[in-house]
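Participant: Dropping in run_10.pdb, which is PDB, C-alpha atoms:
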ATOM      1  CA  MET G 110     136.034 218.554  52.778
ATOM      2  CA  ARG G 111     133.230 220.216  54.727
ATOM      3  CA  GLU G 112     133.051 217.296  57.140
ATOM      4  CA  ALA G 113     136.817 217.491  57.700
ATOM      5  CA  VAL G 114     136.544 221.190  58.504
ATOM      6  CA  ASP G 115     133.618 220.578  60.853
ATOM      7  CA  ASP G 116     135.609 217.874  62.659
ATOM      8  CA  TRP G 117     138.591 220.215  63.052
ATOM      9  CA  LEU G 118     136.456 223.083  64.329
ATOM     10  CA  ARG G 119     134.800 220.745  66.819
ATOM     11  CA  GLU G 120     137.802 218.686  67.974
ATOM     12  CA  GLY G 121     141.010 220.413  66.905
ATOM     13  CA  LEU G 122     140.799 223.828  68.525
ATOM     14  CA  ASP G 123     141.334 223.143  72.205
ATOM     15  CA  GLY G 124     142.293 226.325  74.039
ATOM     16  CA  THR G 125     141.083 228.554  71.219
ATOM     17  CA  SER G 126     138.732 231.394  72.106
ATOM     18  CA  GLU G 127     135.166 231.410  70.842
ATOM     19  CA  ARG G 128     135.917 234.638  68.988
ATOM     20  CA  THR G 129     138.776 232.983  67.057
ATOM     21  CA  ARG G 130     136.656 229.926  66.333
ATOM     22  CA  THR G 131     133.936 232.182  64.921
ATOM     23  CA  LEU G 132     136.543 233.971  62.795
ATOM     24  CA  TYR G 133     137.686 230.654  61.289
ATOM     25  CA  GLU G 134     134.115 229.566  60.587
ATOM     26  CA  GLY G 135     133.280 232.851  58.873
ATOM     27  CA  LEU G 136     136.355 232.773  56.644
ATOM     28  CA  LEU G 137     136.000 229.092  55.758
ATOM     29  CA  ASP G 138     132.331 229.273  54.744
ATOM     30  CA  PRO G 139     132.951 230.986  51.354
ATOM     31  CA  VAL G 140     135.688 228.541  50.330
ATOM     32  CA  LEU G 141     133.601 225.563  51.433
ATOM     33  CA  GLU G 142     130.807 226.742  49.162
ATOM     34  CA  LEU G 143     133.271 226.033  46.352
ATOM     35  CA  ILE G 144     135.049 222.852  47.506
ATOM     36  CA  GLY G 145     133.086 221.687  50.543
ATOM     37  CA  ALA G 146     131.401 218.851  48.631
ATOM     38  CA  ARG G 147     134.675 217.463  47.239
ATOM     39  CA  GLN G 148     135.773 214.107  48.601
ATOM     40  CA  LEU G 149     138.861 214.634  50.742
ATOM     41  CA  ARG G 150     140.853 211.877  49.020
ATOM     42  CA  VAL G 151     140.305 213.338  45.551
ATOM     43  CA  LEU G 152     140.696 216.995  46.518
ATOM     44  CA  SER G 153     143.652 218.451  44.632
ATOM     45  CA  ALA G 154     145.990 221.369  45.162
ATOM     46  CA  GLY G 155     144.446 222.829  42.005
ATOM     47  CA  ASP G 156     141.003 222.751  43.622
ATOM     48  CA  VAL G 157     142.265 224.673  46.631
ATOM     49  CA  ARG G 158     144.235 227.102  44.476
ATOM     50  CA  SER G 159     141.230 227.775  42.267
ATOM     51  CA  ALA G 160     138.897 228.325  45.228
ATOM     52  CA  LEU G 161     141.245 230.778  46.911
ATOM     53  CA  GLY G 162     141.813 232.569  43.619
ATOM     54  CA  HIS G 163     138.061 232.925  43.187
ATOM     55  CA  LEU G 164     137.889 234.730  46.546
ATOM     56  CA  ALA G 165     140.906 236.975  45.944
ATOM     57  CA  THR G 166     138.841 239.904  44.660
ATOM     58  CA  ARG G 167     136.570 239.830  47.712
ATOM     59  CA  TYR G 168     138.973 239.305  50.610
ATOM     60  CA  SER G 169     142.251 240.779  51.835
ATOM     61  CA  THR G 170     145.492 238.867  51.577
ATOM     62  CA  ARG G 171     145.481 238.455  55.362
ATOM     63  CA  SER G 172     142.004 236.869  55.301
ATOM     64  CA  LEU G 173     143.032 234.549  52.497
ATOM     65  CA  GLN G 174     146.141 233.559  54.462
ATOM     66  CA  ILE G 175     144.019 232.628  57.489
ATOM     67  CA  THR G 176     141.659 230.678  55.228
ATOM     68  CA  ARG G 177     144.485 228.725  53.580
ATOM     69  CA  ASN G 178     146.129 227.998  56.933
ATOM     70  CA  SER G 179     142.808 226.821  58.359
ATOM     71  CA  LEU G 180     142.304 224.456  55.430
ATOM     72  CA  GLU G 181     145.800 223.075  55.940
ATOM     73  CA  ARG G 182     145.154 222.523  59.661
ATOM     74  CA  ALA G 183     141.779 220.877  58.979
ATOM     75  CA  ILE G 184     143.334 218.458  56.480
ATOM     76  CA  ARG G 185     146.225 217.754  58.874
ATOM     77  CA  HIS G 186     143.627 216.889  61.512
ATOM     78  CA  ALA G 187     142.043 214.455  59.022
ATOM     79  CA  GLU G 188     145.495 212.992  58.307
ATOM     80  CA  GLY G 189     145.740 212.098  61.967
ATOM     81  CA  ASP G 190     142.575 210.022  61.554
ATOM     82  CA  ASP G 191     143.947 208.322  58.406
ATOM     83  CA  LEU G 192     141.243 209.928  56.272
ATOM     84  CA  VAL G 193     143.661 211.335  53.696
ATOM     85  CA  GLY G 194     147.197 210.587  52.586
ATOM     86  CA  ARG G 195     148.581 214.039  51.830
ATOM     87  CA  ASN G 196     147.842 217.655  52.669
ATOM     88  CA  VAL G 197     147.129 219.414  49.378
ATOM     89  CA  ALA G 198     146.508 222.788  51.049
ATOM     90  CA  ALA G 199     150.153 222.803  52.170
ATOM     91  CA  LEU G 200     151.162 222.843  48.485
ATOM     92  CA  VAL G 201     149.233 226.023  47.718
ATOM     93  CA  LYS G 202     150.560 229.557  47.998
ATOM     94  CA  THR G 203     148.178 232.219  49.255
ATOM     95  CA  PRO G 204     147.079 234.485  46.386
ATOM     96  CA  GLN G 205     147.282 238.257  46.593
ATOM     97  CA  GLY G 206     143.957 239.597  47.833
ATOM     98  CA  ARG G 207     142.391 243.001  47.538
ATOM     99  CA  SER G 208     144.048 245.890  49.287
ATOM    100  CA  GLY G 209     143.113 246.183  52.936
ATOM    101  CA  ARG G 210     141.946 249.292  54.720
ATOM    102  CA  PRO G 211     144.961 251.623  54.918
ATOM    103  CA  THR G 212     146.296 252.569  58.306
ATOM    104  CA  LYS G 213     145.777 256.219  59.143
ATOM    105  CA  SER G 214     145.982 258.632  62.046
ATOM    106  CA  PHE G 215     144.382 261.903  63.071
ATOM    107  CA  THR G 216     146.151 265.178  62.454
ATOM    108  CA  LEU G 217     146.815 267.287  65.531
ATOM    109  CA  ASP G 218     143.823 269.530  64.752
ATOM    110  CA  GLN G 219     141.616 266.476  64.203
ATOM    111  CA  ALA G 220     142.799 264.971  67.499
ATOM    112  CA  LYS G 221     141.903 268.167  69.326
ATOM    113  CA  ALA G 222     138.466 268.191  67.683
ATOM    114  CA  LEU G 223     137.997 264.560  68.697
ATOM    115  CA  LEU G 224     138.797 265.366  72.327
ATOM    116  CA  VAL G 225     136.253 268.183  72.345
ATOM    117  CA  ALA G 226     133.559 265.988  70.764
ATOM    118  CA  ALA G 227     134.188 263.226  73.296
ATOM    119  CA  GLU G 228     133.729 265.465  76.337
ATOM    120  CA  SER G 229     130.013 264.891  76.802
ATOM    121  CA  THR G 230     130.098 261.142  76.123
ATOM    122  CA  ARG G 231     130.651 258.039  78.223
ATOM    123  CA  LEU G 232     133.724 257.294  76.132
ATOM    124  CA  HIS G 233     135.458 260.548  77.072
ATOM    125  CA  ALA G 234     138.122 259.043  79.346
ATOM    126  CA  TYR G 235     138.626 256.152  76.918
ATOM    127  CA  VAL G 236     139.389 258.564  74.074
ATOM    128  CA  VAL G 237     141.692 260.757  76.162
ATOM    129  CA  LEU G 238     143.677 257.790  77.484
ATOM    130  CA  SER G 239     143.981 256.190  74.042
ATOM    131  CA  LEU G 240     145.161 259.405  72.396
ATOM    132  CA  LEU G 241     147.446 260.695  75.122
ATOM    133  CA  ALA G 242     148.862 257.423  76.513
ATOM    134  CA  GLY G 243     148.818 255.312  73.350
ATOM    135  CA  ILE G 244     147.394 252.146  74.853
ATOM    136  CA  ARG G 245     145.817 249.544  72.588
ATOM    137  CA  THR G 246     142.030 249.454  72.522
ATOM    138  CA  GLU G 247     142.015 245.907  73.943
ATOM    139  CA  GLU G 248     144.325 247.092  76.730
ATOM    140  CA  ALA G 249     141.957 249.964  77.555
ATOM    141  CA  ARG G 250     138.957 247.633  77.792
ATOM    142  CA  ALA G 251     140.837 245.427  80.277
ATOM    143  CA  LEU G 252     142.282 248.261  82.375
ATOM    144  CA  ARG G 253     141.451 247.937  86.082
ATOM    145  CA  TRP G 254     141.223 250.553  88.824
ATOM    146  CA  ASP G 255     143.875 248.739  90.845
ATOM    147  CA  HIS G 256     146.280 249.195  87.901
ATOM    148  CA  LEU G 257     145.908 252.969  88.135
ATOM    149  CA  VAL G 258     148.493 254.055  90.722
ATOM    150  CA  THR G 259     149.579 257.260  92.423
ATOM    151  CA  TRP G 260     152.808 258.236  94.174
ATOM    152  CA  VAL G 261     152.061 258.609  97.889
ATOM    153  CA  ASP G 262     155.472 259.323  99.434
ATOM    154  CA  ASP G 263     158.994 257.912  99.611
ATOM    155  CA  PHE G 264     157.912 255.376 102.223
ATOM    156  CA  ALA G 265     154.701 254.036 100.641
ATOM    157  CA  GLY G 266     155.791 254.533  97.021
ATOM    158  CA  TRP G 267     153.246 253.790  94.306
ATOM    159  CA  GLN G 268     149.806 252.714  95.521
ATOM    160  CA  PRO G 269     146.604 251.856  93.611
ATOM    161  CA  VAL G 270     143.940 254.555  93.675
ATOM    162  CA  THR G 271     141.632 251.867  95.058
ATOM    163  CA  VAL G 272     143.745 252.087  98.227
ATOM    164  CA  ALA G 273     145.184 255.608  98.204
ATOM    165  CA  GLY G 274     142.438 257.505  96.385
ATOM    166  CA  PHE G 275     143.024 260.298  93.885
ATOM    167  CA  ASP G 276     144.075 263.068  96.270
ATOM    168  CA  THR G 277     146.998 261.740  98.311
ATOM    169  CA  GLY G 278     149.835 263.770  96.781
ATOM    170  CA  ARG G 279     150.744 267.284  97.756
ATOM    171  CA  GLU G 280     149.288 270.007  95.575
ATOM    172  CA  GLY G 281     151.228 270.347  92.347
ATOM    173  CA  GLU G 282     153.063 267.067  92.923
ATOM    174  CA  ASP G 283     150.397 264.558  91.939
ATOM    175  CA  ARG G 284     151.969 261.715  89.988
ATOM    176  CA  PHE G 285     149.914 258.965  88.412
ATOM    177  CA  ALA G 286     150.712 255.969  86.243
ATOM    178  CA  ILE G 287     149.030 252.916  84.779
ATOM    179  CA  TYR G 288     150.191 249.322  84.709
ATOM    180  CA  VAL G 289     149.396 248.133  81.183
ATOM    181  CA  TRP G 290     149.674 244.456  82.022
ATOM    182  CA  ARG G 291     146.366 243.043  80.799
ATOM    183  CA  SER G 292     144.250 243.118  77.648
ATOM    184  CA  ASP G 293     140.922 241.890  76.351
ATOM    185  CA  ARG G 294     142.518 238.908  74.634
ATOM    186  CA  GLU G 295     142.330 235.156  75.166
ATOM    187  CA  GLY G 296     143.979 234.474  78.538
ATOM    188  CA  GLY G 297     143.844 238.166  79.503
ATOM    189  CA  ASP G 298     147.499 238.891  78.715
ATOM    190  CA  THR G 299     148.893 241.715  76.624
ATOM    191  CA  LYS G 300     149.666 241.207  72.933
ATOM    192  CA  THR G 301     153.281 240.249  73.705
ATOM    193  CA  GLU G 302     155.427 240.038  76.818
ATOM    194  CA  LYS G 303     157.130 243.258  75.784
ATOM    195  CA  SER G 304     153.752 244.989  75.615
ATOM    196  CA  ARG G 305     153.647 244.918  79.429
ATOM    197  CA  ARG G 306     154.669 248.382  80.534
ATOM    198  CA  THR G 307     154.120 251.071  83.143
ATOM    199  CA  LEU G 308     153.266 254.536  81.843
ATOM    200  CA  ALA G 309     153.265 257.903  83.540
ATOM    201  CA  LEU G 310     150.000 259.718  82.843
ATOM    202  CA  PRO G 311     149.557 263.231  81.446
ATOM    203  CA  ARG G 312     147.542 265.578  83.664
ATOM    204  CA  ARG G 313     144.577 265.518  81.302
ATOM    205  CA  CYS G 314     144.369 261.726  81.621
ATOM    206  CA  VAL G 315     144.318 261.999  85.403
ATOM    207  CA  GLU G 316     141.531 264.570  85.289
ATOM    208  CA  VAL G 317     139.263 262.474  83.076
ATOM    209  CA  LEU G 318     139.989 259.289  85.041
ATOM    210  CA  ARG G 319     139.036 261.079  88.249
ATOM    211  CA  GLU G 320     135.718 262.044  86.654
ATOM    212  CA  GLN G 321     135.349 258.510  85.253
ATOM    213  CA  HIS G 322     135.652 257.189  88.802
ATOM    214  CA  ARG G 323     132.915 259.560  89.983
ATOM    215  CA  GLN G 324     130.687 258.572  87.068
ATOM    216  CA  GLN G 325     131.137 254.900  87.838
ATOM    217  CA  GLU G 326     130.127 255.504  91.445
ATOM    218  CA  ARG G 327     126.934 257.121  90.141
ATOM    219  CA  ASP G 328     126.380 254.161  87.806
ATOM    220  CA  ARG G 329     126.832 251.767  90.714
ATOM    221  CA  LEU G 330     124.223 253.566  92.809
ATOM    222  CA  THR G 331     121.776 253.719  89.918
ATOM    223  CA  ALA G 332     122.214 250.040  89.028
ATOM    224  CA  GLY G 333     121.789 248.822  92.605
ATOM    225  CA  ASP G 334     121.495 245.043  92.715
ATOM    226  CA  LEU G 335     122.074 244.838  88.962
ATOM    227  CA  TRP G 336     125.666 246.047  89.331
ATOM    228  CA  GLN G 337     128.339 243.456  88.497
ATOM    229  CA  GLU G 338     131.731 244.331  89.935
ATOM    230  CA  HIS G 339     134.664 243.574  87.646
ATOM    231  CA  GLY G 340     137.015 246.314  88.812
ATOM    232  CA  LEU G 341     137.180 247.736  85.295
ATOM    233  CA  ILE G 342     137.830 251.385  84.569
ATOM    234  CA  PHE G 343     135.761 251.231  81.396
ATOM    235  CA  ALA G 344     132.543 249.319  81.882
ATOM    236  CA  SER G 345     128.871 249.393  81.003
ATOM    237  CA  THR G 346     126.269 251.118  83.169
ATOM    238  CA  VAL G 347     125.975 247.891  85.169
ATOM    239  CA  GLY G 348     129.719 247.208  85.473
ATOM    240  CA  THR G 349     130.109 244.595  82.765
ATOM    241  CA  PRO G 350     133.002 244.636  80.247
ATOM    242  CA  LEU G 351     132.649 246.671  77.062
ATOM    243  CA  SER G 352     132.684 244.725  73.811
ATOM    244  CA  ALA G 353     134.900 245.786  70.929
ATOM    245  CA  ASN G 354     131.854 246.362  68.709
ATOM    246  CA  ASN G 355     130.155 248.587  71.274
ATOM    247  CA  VAL G 356     133.305 250.704  71.568
ATOM    248  CA  ILE G 357     133.618 251.027  67.775
ATOM    249  CA  ARG G 358     129.998 252.152  67.404
ATOM    250  CA  ALA G 359     130.303 254.715  70.205
ATOM    251  CA  PHE G 360     133.640 255.939  68.856
ATOM    252  CA  ARG G 361     132.251 256.519  65.365
ATOM    253  CA  LEU G 362     129.457 258.628  66.818
ATOM    254  CA  ILE G 363     132.159 260.817  68.358
ATOM    255  CA  THR G 364     134.154 261.119  65.124
ATOM    256  CA  LYS G 365     130.958 262.040  63.307
ATOM    257  CA  LYS G 366     130.169 264.666  65.939
ATOM    258  CA  ALA G 367     133.701 266.052  65.534
ATOM    259  CA  GLY G 368     133.086 266.498  61.797
ATOM    260  CA  LEU G 369     135.590 263.780  60.879
ATOM    261  CA  GLY G 370     133.198 261.260  59.349
ATOM    262  CA  GLU G 371     132.640 257.681  60.465
ATOM    263  CA  ASP G 372     135.461 255.858  58.672
ATOM    264  CA  TRP G 373     137.573 255.553  61.817
ATOM    265  CA  VAL G 374     138.354 252.834  64.343
ATOM    266  CA  PRO G 375     139.687 253.213  67.919
ATOM    267  CA  ARG G 376     143.137 251.787  67.137
ATOM    268  CA  GLU G 377     143.834 254.883  65.029
ATOM    269  CA  MET G 378     144.070 256.911  68.226
ATOM    270  CA  ARG G 379     147.125 254.826  69.076
ATOM    271  CA  HIS G 380     148.588 255.533  65.624
ATOM    272  CA  THR G 381     147.989 259.224  66.313
ATOM    273  CA  PHE G 382     149.829 258.972  69.631
ATOM    274  CA  VAL G 383     152.890 257.622  67.831
ATOM    275  CA  SER G 384     152.667 260.256  65.082
ATOM    276  CA  VAL G 385     152.360 263.143  67.549
ATOM    277  CA  LEU G 386     155.356 261.985  69.575
ATOM    278  CA  SER G 387     157.438 261.506  66.436
ATOM    279  CA  ALA G 388     156.516 264.956  65.147
ATOM    280  CA  ASN G 389     157.616 266.448  68.467
ATOM    281  CA  GLY G 390     161.096 264.975  68.445
ATOM    282  CA  VAL G 391     160.689 261.929  70.678
ATOM    283  CA  PRO G 392     163.271 259.289  69.615
ATOM    284  CA  VAL G 393     161.900 256.197  67.941
ATOM    285  CA  GLU G 394     163.414 253.997  70.663
ATOM    286  CA  SER G 395     161.431 255.862  73.319
ATOM    287  CA  ILE G 396     158.243 255.678  71.265
ATOM    288  CA  ALA G 397     158.715 251.903  70.942
ATOM    289  CA  LEU G 398     158.888 251.602  74.722
ATOM    290  CA  LEU G 399     155.860 253.806  75.261
ATOM    291  CA  ALA G 400     153.804 251.912  72.703
ATOM    292  CA  GLY G 401     154.857 248.483  73.974
ATOM    293  CA  HIS G 402     156.831 247.709  70.814
ATOM    294  CA  ASP G 403     160.220 247.279  72.480
ATOM    295  CA  ARG G 404     162.206 244.956  70.206
ATOM    296  CA  THR G 405     165.660 245.501  71.669
ATOM    297  CA  ALA G 406     167.720 242.457  72.513
ATOM    298  CA  THR G 407     167.858 243.198  76.220
ATOM    299  CA  THR G 408     164.725 242.444  78.211
ATOM    300  CA  GLU G 409     164.058 245.211  80.692
ATOM    301  CA  SER G 410     161.980 244.379  83.758
ATOM    302  CA  VAL G 411     159.419 246.911  84.951
ATOM    303  CA  TYR G 412     158.864 246.877  88.701
ATOM    304  CA  ARG G 413     155.848 248.224  90.538
ATOM    305  CA  HIS G 414     157.921 250.827  92.428
ATOM    306  CA  GLU G 415     159.714 252.159  89.364
ATOM    307  CA  ILE G 416     158.844 254.007  86.193
ATOM    308  CA  ARG G 417     161.686 254.138  83.719
ATOM    309  CA  PRO G 418     162.567 257.642  82.476
ATOM    310  CA  ALA G 419     161.630 256.774  78.886
ATOM    311  CA  LEU G 420     158.095 255.956  80.009
ATOM    312  CA  THR G 421     157.543 259.431  81.444
ATOM    313  CA  GLN G 422     158.490 261.211  78.218
ATOM    314  CA  GLY G 423     155.149 260.593  76.513
ATOM    315  CA  ALA G 424     153.258 262.205  79.395
ATOM    316  CA  GLU G 425     155.563 265.219  79.370
ATOM    317  CA  VAL G 426     155.120 265.779  75.630
ATOM    318  CA  MET G 427     151.340 265.317  75.753
ATOM    319  CA  ASP G 428     151.054 267.765  78.657
ATOM    320  CA  LYS G 429     152.787 270.390  76.514
ATOM    321  CA  ILE G 430     150.623 269.730  73.454
ATOM    322  CA  PHE G 431     147.197 269.118  74.940
ATOM    323  CA  GLY G 432     147.571 270.808  78.335
TER     324      GLY G 432
END
Show how you would write the structure in this file as structure tokens.
Facilitator:
Amino acid sequence: MREAVDDWLREGLDGTSERTRTLYEGLLDPVLELIGARQLRVLSAGDVRSALGHLATRYSTRSLQITRNSLERAIRHAEGDDLVGRNVAALVKTPQGRSGRPTKSFTLDQAKALLVAAESTRLHAYVVLSLLAGIRTEEARALRWDHLVTWVDDFAGWQPVTVAGFDTGREGEDRFAIYVWRSDREGGDTKTEKSRRTLALPRRCVEVLREQHRQQERDRLTAGDLWQEHGLIFASTVGTPLSANNVIRAFRLITKKAGLGEDWVPREMRHTFVSVLSANGVPVESIALLAGHDRTATTESVYRHEIRPALTQGAEVMDKIFG
């Protein structure tokens, strides 16, 4: 069985990211310790069922589901090479695993404390944008300066700040938005097609992004020849992309500083965004649009020169709450 899995991991995952491949390897290792030495032709559904059941107290149901599916795909790959006559993993139902980490969100007071704690950190703008605009953490890591736009005038319309700068609008009429059209996922696309959206930004987001731009200019000067230009809003001190693990570690330092403990992950800022809007009377349909969870039957196109009214509502509410 172990050889069949190794063959599948080596030959059967074309187009799969290295991160996903590593995930499969990590989840398959424990089950292969139990059945990896079994000959593929004598492996039974009972063997697979017993192995998964043995792991049920250690892993979540979702992890067990991925493990079972991976076994099924590995055996199907072996079927294609005439190494086995039937796929016993396909006959096995995934057992119930241990309860996963419950989803949670910050209260309004906790969110305000988090914003204060983030102020003196490099993740300040990241936290503000995640809390007040509700973008996914993988969307934030992939956000580019040329996807941050400002309204210039009726003739020029929306222009990237890389072209127009931050101070093109008349005083009191500055309007900014972000194109959430990319993410730090395989292929660079958002989670789903309907996750692609254009969001008006609250004033506080604009302020921290302006300072983020200044900070990045200072980083660029300090790095000199070591700077690697990727056009990213959130980058390392030498311009390279931030990893998910680096963001989690930095974020937990902020939650600890805010007196909230360290049992938090960045995606819970997005959950907080949804909770705050809901508590302040924003209709669920509007929240779905803002969060990129639009599941209506009609596909609505978002054009570069237009921001739909529903996608300005989040900014308006956040301006009232957080100022």
Participant: Which polymer residues have any atom within 9 Å of an atom of segment 145-161 of chain G, counting all atoms listed in the file, with same-chain residues fewer than 2 positions away left out, as a count of residues only?
Facilitator: 33
Participant: For the PyMOL selection byres ((chain G and resi 252) around 10), applied here, can you spell out every residue it catches as JSON, numbers by chain?
Facilitator: {"G": [244, 246, 247, 248, 249, 250, 251, 253, 254, 255, 256, 257, 287, 288, 289, 290, 291, 292, 293, 340, 341, 342, 343, 344]}
Participant: Kindly save the residues from that selection, with C-alpha atoms included, as a PDB file, in the coordinates of the input.
Facilitator:
ATOM      1  CA  ILE G 244     147.394 252.146  74.853  1.00  0.00           C
ATOM      2  CA  THR G 246     142.030 249.454  72.522  1.00  0.00           C
ATOM      3  CA  GLU G 247     142.015 245.907  73.943  1.00  0.00           C
ATOM      4  CA  GLU G 248     144.325 247.092  76.730  1.00  0.00           C
ATOM      5  CA  ALA G 249     141.957 249.964  77.555  1.00  0.00           C
ATOM      6  CA  ARG G 250     138.957 247.633  77.792  1.00  0.00           C
ATOM      7  CA  ALA G 251     140.837 245.427  80.277  1.00  0.00           C
ATOM      8  CA  ARG G 253     141.451 247.937  86.082  1.00  0.00           C
ATOM      9  CA  TRP G 254     141.223 250.553  88.824  1.00  0.00           C
ATOM     10  CA  ASP G 255     143.875 248.739  90.845  1.00  0.00           C
ATOM     11  CA  HIS G 256     146.280 249.195  87.901  1.00  0.00           C
ATOM     12  CA  LEU G 257     145.908 252.969  88.135  1.00  0.00           C
ATOM     13  CA  ILE G 287     149.030 252.916  84.779  1.00  0.00           C
ATOM     14  CA  TYR G 288     150.191 249.322  84.709  1.00  0.00           C
ATOM     15  CA  VAL G 289     149.396 248.133  81.183  1.00  0.00           C
ATOM     16  CA  TRP G 290     149.674 244.456  82.022  1.00  0.00           C
ATOM     17  CA  ARG G 291     146.366 243.043  80.799  1.00  0.00           C
ATOM     18  CA  SER G 292     144.250 243.118  77.648  1.00  0.00           C
ATOM     19  CA  ASP G 293     140.922 241.890  76.351  1.00  0.00           C
ATOM     20  CA  GLY G 340     137.015 246.314  88.812  1.00  0.00           C
ATOM     21  CA  LEU G 341     137.180 247.736  85.295  1.00  0.00           C
ATOM     22  CA  ILE G 342     137.830 251.385  84.569  1.00  0.00           C
ATOM     23  CA  PHE G 343     135.761 251.231  81.396  1.00  0.00           C
ATOM     24  CA  ALA G 344     132.543 249.319  81.882  1.00  0.00           C
TER      25      ALA G 344
END
Participant: Just the residues within 12 Å of Lys365 of chain G, please, counting all atoms listed in the file, with nothing from its chain fewer than 4 positions along; format it as a VMD selection string.
Facilitator: chain G and resid 219 222 to 223 226 to 227 358 to 361 369 to 374
Participant: Rounded to one decimal in Å, what is the spacing between atom CA of Ala309 of chain G and atom CA of Val272 of chain G?
Facilitator: 18.4 Å
Participant: If we count all atoms listed in the file and set the cut-off at 12 Å, which residues sit around Glu120 of chain G, ignoring sequence neighbours fewer than 4 positions away in its own chain? Please answer as a PyMOL selection string.
Facilitator: chain G and resi 112-116+124-125+130+182-183+186-187+189-190
Participant: Please produce a file of those selected residues containing C-alpha atoms, as a compact mmCIF listing (two decimals), in the frame of the given file.
Facilitator:
# COMPACT_ATOMS: atom_id res chain seq x y z
CA GLU G 112 133.05 217.30 57.14
CA ALA G 113 136.82 217.49 57.70
CA VAL G 114 136.54 221.19 58.50
CA ASP G 115 133.62 220.58 60.85
CA ASP G 116 135.61 217.87 62.66
CA GLY G 124 142.29 226.32 74.04
CA THR G 125 141.08 228.55 71.22
CA ARG G 130 136.66 229.93 66.33
CA ARG G 182 145.15 222.52 59.66
CA ALA G 183 141.78 220.88 58.98
CA HIS G 186 143.63 216.89 61.51
CA ALA G 187 142.04 214.46 59.02
CA GLY G 189 145.74 212.10 61.97
CA ASP G 190 142.57 210.02 61.55
Participant: So what does the PyMOL selection byres ((chain G and resi 231-233) around 12) actually pick up in this one, as a VMD selection string?
Facilitator: chain G and resid 223 to 230 234 to 240 246 249 to 250 313 to 314 316 to 322 324 to 325 328 342 to 346 351 355 to 364 375
Participant: Can you list, as an NGL selection string, every protein, DNA or RNA residue that comes within 12 Å of Gly333 of chain G when you count only C-alpha atoms, leaving out same-chain residues fewer than 5 positions away?
Facilitator: :G and (326-328 or 338 or 346-348)
Participant: For Ala388 of chain G, which residue among G:Thr259, G:Asn178, G:Ser169, G:Thr216 is the nearest when counting all atoms listed in the file?
Facilitator: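 Selected residue with least distance to Ala388 of chain G: G:Thr216.
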Participant: Hey, what's within 8 Å of Ala242 of chain G if we count all atoms listed in the file and toss same-chain stuff fewer than 3 positions away? As a VMD selection string, please?
Facilitator: chain G and resid 237 to 239 308 310 to 311 382 399 423 to 424
Participant: Quick one: distance from atom CA of Glu188 of chain G to atom CA of Gly121 of chain G in Å, one decimal?
Facilitator: 12.2 Å
Participant: Select all residues near (148.8, 250.1, 93.6) (cut-off 6 Å, inclusive, file coordinates), counting all atoms listed in the file, and output them as a ChimeraX atom specification.
Facilitator: /G:255,258,267-269
Participant: Run the PyMOL selection byres ((chain G and resi 431) around 9) mentally over the shown coordinates, then write out the matched residues as a PyMOL selection string, using the chain letters and numbers from the document.
Facilitator: chain G and resi 221+241+313+426-430+432
Participant: As JSON, please report the centre and edge lengths, rounded to one decimal in Å, of the axis-aligned box that holds all listed atoms of segment 317-323 of chain G with 8 Å of padding on each of the six sides.
Facilitator:
{"center_x": 136.5, "center_y": 259.8, "center_z": 86.5, "size_x": 23.1, "size_y": 21.3, "size_z": 22.9}
Participant: Restricting the calculation to all atoms listed in the file: of G:Arg185, G:Arg207, G:Lys366, G:Arg306, which residue gets closest to Gly243 of chain G?
Facilitator: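 Of the candidates, the smallest distance to Gly243 of chain G is held by G:Arg306.
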Participant: What is the distance between atom CA of Thr212 of chain G and atom CA of Ser387 of chain G, in Å to one decimal?
Facilitator: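 Taking atom CA of Thr212 of chain G and atom CA of Ser387 of chain G, their separation equals 16.4 Å.
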Participant: Which is closest to Gly162 of chain G among G:Ala286, G:Asp263, G:Thr381, G:Gln174, if we use only C-alpha atoms?
Facilitator: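 Result for the nearest residue to Gly162 of chain G: G:Gln174.
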Participant: Using N, CA, C and O atoms, give me segment 371-376 of chain G from the structure I just pasted, as a compact mmCIF listing (two decimals), in the first residue's frame.
Facilitator:
# COMPACT_ATOMS: atom_id res chain seq x y z
N GLU G 371 -3.61 33.85 22.97
CA GLU G 371 -2.97 33.50 21.70
C GLU G 371 -3.75 32.45 20.91
O GLU G 371 -3.26 31.95 19.89
N ASP G 372 -4.95 32.12 21.35
CA ASP G 372 -5.74 31.09 20.66
C ASP G 372 -6.62 31.72 19.58
O ASP G 372 -7.84 31.56 19.56
N TRP G 373 -5.98 32.46 18.69
CA TRP G 373 -6.70 33.14 17.61
C TRP G 373 -5.94 32.93 16.29
O TRP G 373 -4.73 32.72 16.29
N VAL G 374 -6.69 33.00 15.20
CA VAL G 374 -6.08 32.94 13.87
C VAL G 374 -6.63 34.10 13.03
O VAL G 374 -7.73 34.60 13.32
N PRO G 375 -5.90 34.55 12.02
CA PRO G 375 -6.33 35.74 11.26
C PRO G 375 -7.72 35.64 10.65
O PRO G 375 -8.40 36.66 10.53
N ARG G 376 -8.16 34.45 10.25
CA ARG G 376 -9.46 34.35 9.59
C ARG G 376 -10.60 34.78 10.50
O ARG G 376 -11.71 35.08 10.03
